[in-house]
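One structure is given below, encoded as structure tokens.
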Amino acid sequence: MPEVVIVGGGLEGCATAWALAQRGVTDVVIVERATVGAGGTGKSSGVVRCHYGVSSLAAMADRALDVLENAEEVLGTDVGFHQTGYVVGVGPQNVDALQASLADQRAVGVRTEDIDRDEVARLWPVADLEPFAAFAYEPRGGYGDAYRTAQAFAAAARGQGVRLRQGATVAEILVTGGRARGVRLADGEEIPAGHVVVTAGPWSVPLLAAHGIDLPITVHREQIVLIDPGQDLGPVPVFSDLVSLQYVRPESGGEILFGNSDLSRLEPADPDRYSNQADEHALDVAVEKVGTRFPGLVDAAISSSYAGCYDVTPDFNPAISETPVEALVVAAGFSGHGFKISPSVGRLVADLVVDGKSSDPDVPESDFRLSRFAEGNLLTSPHPYVGAGQMR
């Protein structure tokens, strides 16, 4: 009987298997209904930043960088991480919040610095920076490839004895006497285990609900637009614009990836059936926002688009938590943050399985407890940005 069965072979499930193996727990089975990274992982926009108002999230992102930066040594392969740097800019109403947030980030080890308008203009010469009142810069930030990273975690875990079952759908978590005992697959096969870890994104919800556990997730369709800049931009950093609520990052082929940071209104979706292309409204928003912020892109044109799904919780932060069922742990509801913190997610889940608590004092397990939603004690930044609080 395996010590742990992990439901979901996406990025977080594979990172968890790797982290468990790092702690000596190698009798682990990952059960994935399709193939590794076939769900939300493959649709990640891959931005890497530590800029969070929630200190524990900033710490998780900071610790995760050590893995992304050294992936060939740690995981045995390149995971497609491009350390371009990360710039965030705010308007006058958010300057105080920016400075307070930066101080909290530095307190947990994040390398971030104030940067002036002239320096940002040098990094992004095609941008109109007039509306911004302050900027911050993370030299360790950038973007990566969530799918390649998931595959790397899976391969590294398998190299240490973890087993991977692909094309196997979990239909039920087996519980007796208030304790998780394993899972039952759709074909009736049972896999007994000492612990069950659910990392199945929005598909986690019905598995937990069957045991009276409420995981409050809204599935949101996030639309991404790829833009041909019409010129060679050179090595530009990721730019998070908290004035017009957008983020842009370079693609390795020279395109720009655009994402809309305005999540004040969600677009509910079925994660098994949704349009994989941006709609006309989203394209219009991209044209307006990119055109306004980057007037120097005179020959820019939309080249393609795609869509993915966020599993969004009420506070836009994940549940990484033990549950009312003994030996049942959940890691879901990442709300768009999952890629950049994935190595740390794996470590926290491994800590919960092995010790029942976090090993990092800057990442207390209580912050991510599932019960906070029922308690009404949400995990939010003490320094929220006006108009852009959802993702910070």
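Residue numbering restarts at 1 for every chain of the structure tokens, chains are lettered A, B, ... in their displayed order, and ligands are numbered from 1 as they appear.
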Contacts of range 200-214 of chain A at 8 Å (only C-alpha atoms; same-chain gap of 4+ positions) as JSON, numbers by chain: {"A": [7, 8, 9, 10, 13, 40, 171, 172, 173, 218, 219, 271, 311, 323, 324, 331, 332, 333, 334]}
Test item, strand (DSSP E or B) assignment across range 15-106 of chain A, answer as an MDAnalysis selection string: chainID A and resid 28:32 47:48 82 86:90
Output C-alpha atoms of each residue in that selection to a file, as a PDB file, in the first residue's frame.
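Final output, saved to result.pdb:
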```
ATOM      1  CA  VAL A  28       3.777   7.662  -3.689  1.00  0.00           C
ATOM      2  CA  VAL A  29       1.322   7.287  -6.573  1.00  0.00           C
ATOM      3  CA  ILE A  30       0.167  10.207  -8.739  1.00  0.00           C
ATOM      4  CA  VAL A  31      -3.198   9.490 -10.363  1.00  0.00           C
ATOM      5  CA  GLU A  32      -3.965  11.686 -13.391  1.00  0.00           C
ATOM      6  CA  VAL A  47       4.765  35.010 -14.877  1.00  0.00           C
ATOM      7  CA  VAL A  48       7.323  34.757 -12.076  1.00  0.00           C
ATOM      8  CA  HIS A  82      13.643  33.219 -18.465  1.00  0.00           C
ATOM      9  CA  TYR A  86       9.808  42.040 -13.300  1.00  0.00           C
ATOM     10  CA  VAL A  87       8.543  45.633 -13.107  1.00  0.00           C
ATOM     11  CA  VAL A  88       5.372  46.772 -11.345  1.00  0.00           C
ATOM     12  CA  GLY A  89       4.017  50.300 -11.634  1.00  0.00           C
ATOM     13  CA  VAL A  90       1.290  52.048  -9.620  1.00  0.00           C
TER      14      VAL A  90
END
```
Selection: 10 Å around range 257-269 of chain A, only C-alpha atoms, excl. self and same-chain fewer than 3 positions, as a count of residues only: 50
Distance query Asp187 in chain A at most 9 Å, only C-alpha atoms, self and fewer than 3 positions along chain excluded, as number ranges by chain: A: 168-171, 184, 190
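Among the candidates A:Ala136, A:Val126, A:Leu174, A:Leu328, the residue lying nearest to Thr292 in chain A is A:Val126 (atoms considered: only C-alpha atoms).
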Nearest residue to Ser44 in chain A from the set A:Ile302, A:Leu129, A:Val330, A:Leu11 (distances using only C-alpha atoms):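 The closest residue to Ser44 in chain A is A:Leu11.
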Neighbour list for Glu130 in chain A as a PyMOL selection string, cut-off 10 Å, only C-alpha atoms, skip fewer than 3 positions in-chain: chain A and resi 91+117+127+133+293
Output C-alpha atoms for every residue in that selection, as a tab-separated table (two decimals), in the first residue's frame.
```tsv
chain	number	residue	atom	x	y	z
A	91	GLY	CA	-0.64	55.31	-9.73
A	117	ARG	CA	10.78	56.38	-14.26
A	127	ALA	CA	5.87	52.59	-23.02
A	133	ALA	CA	3.77	57.54	-9.65
A	293	ARG	CA	0.32	51.90	-22.59
```
Backbone-only DSSP, helix (DSSP H, G or I) members of range 92-327 of chain A, as JSON, numbers by chain: {"A": [92, 93, 94, 95, 96, 97, 98, 99, 100, 101, 102, 103, 104, 105, 106, 107, 117, 118, 119, 120, 121, 122, 123, 146, 147, 148, 149, 150, 151, 152, 153, 154, 155, 156, 157, 158, 201, 202, 203, 204, 205, 206, 207, 208, 209, 280, 281, 282, 283, 284, 285, 286, 287, 288, 289, 290, 291, 292, 293]}
Selection near range 35-37 of chain A, 6 Å with only C-alpha atoms, sequence-local residues under 2 positions removed, as number ranges by chain: A: 9-10, 39, 41-42, 147, 166
Distance criterion (only C-alpha atoms): nearest to Thr176 in chain A out of A:Ala327, A:Ala157, A:Val354, A:Ala71: A:Ala327
